[in-house]
Amino acid sequence: MVAKVFIDGEVGTTGLQIRERLAGRRDIEVVSISPDKRKDLTERKRLLNAADVAILCLPDDAARESVSLIENEATRVIDASSAHRVADGWAYGFAEMDGAQAGAIAAARLVSNPGCWPQGMIATLRPLIRAGLVPADHPVTVNGISGYSGGGRAMIEDYQSKGEAASKFMPYSLGFNHKHLPEMAKYAGLAEAPLFQPAVGNFAQGMVVAVPLWLGTLPRVPKGADLHAAIADHYAGIAGGFVEVAPFEAVEKTPELDPERLNDTNRMRLHVFANDARAQAVLVAIYDNLGKGASGAAVQNLNLMLGVDAATSLAA
Ligand SMILES: NC(=O)C1=CN([C@@H]2O[C@H](COP(=O)(O)OP(=O)(O)OC[C@H]3O[C@@H](n4cnc5c(N)ncnc54)[C@H](OP(=O)(O)O)[C@@H]3O)[C@@H](O)[C@H]2O)C=CC1
Ligand SMILES: CC(=O)N[C@@H](CCC(=O)OP(=O)(O)O)C(=O)O
């Protein structure tokens, strides 16, 4: 069977990349909206209801509107926006977060694609909380840097118009109320939202997310190797996943942590750095905000929902 896929918001940053990733797929027909009608409610409603899977690559309000337009109960939805990330009735589209999550996504009608920042934080911290190494009420800090495509078309145009004059490193969300906080707390398994302080850099795509930990404030004061073992064990148990764990090396020498390293892939690479004598560690995730952080994850989830085998989904 050829699945009909409609990407609402197909000319935006995320939508375009999904289209590119689906090009050449013979099991999928991407149904396009005519450019002059891409914000026309009647036409969007028609295409949403005619789709086997609708992928929403829209601002939050427009994504909510799309969902309200769907009357066909056979239409399944992947929402790339942050409108439904912690909503009841939606499966969270981070397939590697638990052994059962890929199955939950495969069976779901409504899937919320994860936020780009939350995925790296959840990927590193959740296994430690589940293993009891970090308590759920631990005060957590998250920081990192993202390419400017994370801000969508408007931020891309802004950075590209400034060129070399654009800020190389611009901290933001300094009111500490980023829209990702509820999602981070819920899926990492934290009782309270973390202190999240991101930055954007003058490069198009790719990101590094870091979670520093004072090991002396944790129960039983774990060693860096204990943190690494818990994270590595978790991902070793996830078949067909796209999250990999770098070997643990408690060394002074810093490896190359280039945010652009995994661009144009759906991979995420996790590192644990530690100095046991100082009882300090940092968990790091590297991935493409438009890959595993958005479009790659959306295609991975689409493959799961369509029951496409792991070999094909590896091309996500
Ligand atoms: N960029 C990223 O790294 C990530 C993005 N996301 C999320 O994915 C969603 C899309 O983001 P992104 O692709 O970056 O954003 P863009 O701004 O690049 O694209 C959004 C697209 O939606 C269109 N649009 C806006 N309103 C409507 C409407 N009412 N009906 C139809 N189309 C509409 C826009 O058109 P126009 O420009 O003409 O208004 C634009 O083409 C957002 O919710 C974002 O938060 C999630 C993870 C990462
Ligand atoms: C660099 C930048 O501005 N990034 C965006 C997040 C990217 C994104 O679109 O977030 P979602 O995954 O939740 O949709 C931000 O911090 O708001």
# chains A, B, ... in the order shown; residues from 1 in each chain; ligands from 1
>>> residues_near_ligand(ligand="ligand 1", cutoff="9 Å", atoms="only C-alpha atoms and all ligand atoms", output="ChimeraX atom specification")
/A:8-17,37-41,44,56-63,65-66,79-83,113-117,146-156,205-206,288-295
>>> select_by_dssp(residues="range 113-211 of chain A", states="strand (DSSP E)", output="PyMOL selection string")
chain A and resi 141-146+169-171+195-201+207-211
>>> write_last_selection(atoms="C-alpha atoms", output="mmCIF file, in the first residue's frame")
data_model
loop_
_atom_site.group_PDB
_atom_site.id
_atom_site.type_symbol
_atom_site.label_atom_id
_atom_site.label_comp_id
_atom_site.auth_asym_id
_atom_site.auth_seq_id
_atom_site.Cartn_x
_atom_site.Cartn_y
_atom_site.Cartn_z
ATOM 1 C CA THR A 141 20.764 22.874 34.766
ATOM 2 C CA VAL A 142 20.723 22.491 30.971
ATOM 3 C CA ASN A 143 22.676 24.629 28.531
ATOM 4 C CA GLY A 144 23.917 24.400 24.987
ATOM 5 C CA ILE A 145 24.208 25.945 21.567
ATOM 6 C CA SER A 146 22.039 25.520 18.478
ATOM 7 C CA PHE A 169 27.272 33.132 20.503
ATOM 8 C CA MET A 170 24.006 34.597 21.712
ATOM 9 C CA PRO A 171 22.586 33.353 25.011
ATOM 10 C CA LEU A 195 17.194 25.784 34.770
ATOM 11 C CA PHE A 196 17.484 25.902 30.978
ATOM 12 C CA GLN A 197 19.800 28.468 29.417
ATOM 13 C CA PRO A 198 20.323 27.994 25.662
ATOM 14 C CA ALA A 199 22.378 29.920 23.115
ATOM 15 C CA VAL A 200 22.253 30.317 19.353
ATOM 16 C CA GLY A 201 25.387 30.490 17.184
ATOM 17 C CA MET A 207 23.521 21.514 18.285
ATOM 18 C CA VAL A 208 25.273 20.580 21.516
ATOM 19 C CA VAL A 209 23.239 20.162 24.706
ATOM 20 C CA ALA A 210 25.010 19.861 28.080
ATOM 21 C CA VAL A 211 23.818 18.862 31.557
#
>>> closest_residue(among="A:Pro182, A:Pro255, A:Pro222, A:Pro194", to="ligand 2", atoms="only C-alpha atoms and all ligand atoms")
A:Pro182
>>> residues_around(residues="Glu183 in chain A", least_positions_apart="4", cutoff="7 Å", atoms="only C-alpha atoms", output="list of chain:residue names")
A:Arg85, A:Val86, A:Pro118, A:Tyr187
>>> write_last_selection(atoms="N, CA and C atoms", output="short mmCIF file (atom, residue, chain, number, x, y, z; two decimals), in the first residue's frame")
data_model
loop_
_atom_site.label_atom_id
_atom_site.label_comp_id
_atom_site.auth_asym_id
_atom_site.auth_seq_id
_atom_site.Cartn_x
_atom_site.Cartn_y
_atom_site.Cartn_z
N ARG A 85 3.01 18.45 23.02
CA ARG A 85 4.11 17.61 23.55
C ARG A 85 3.77 16.99 24.91
N VAL A 86 2.99 17.70 25.71
CA VAL A 86 2.65 17.12 27.02
C VAL A 86 1.14 16.90 27.11
N PRO A 118 14.79 19.58 24.12
CA PRO A 118 14.48 18.54 25.11
C PRO A 118 15.09 17.19 24.80
N TYR A 187 9.37 14.31 30.52
CA TYR A 187 9.96 13.09 29.93
C TYR A 187 11.34 12.75 30.49
#
>>> residues_around(residues="range 23-27 of chain A", least_positions_apart="2", cutoff="6 Å", atoms="only C-alpha atoms", output="ChimeraX atom specification")
/A:2,20-21
>>> closest_residue(among="A:His228, A:Arg220, A:Arg269, A:His84", to="ligand 2", atoms="only C-alpha atoms and all ligand atoms")
A:His84
>>> closest_residue(among="A:Ile18, A:Ala225, A:Leu174, A:Ala107", to="ligand 2", atoms="only C-alpha atoms and all ligand atoms")
A:Leu174
>>> atom_distance(atom1="CA of Glu96 in chain A", atom2="CA of Gln300 in chain A")
10.8 Å
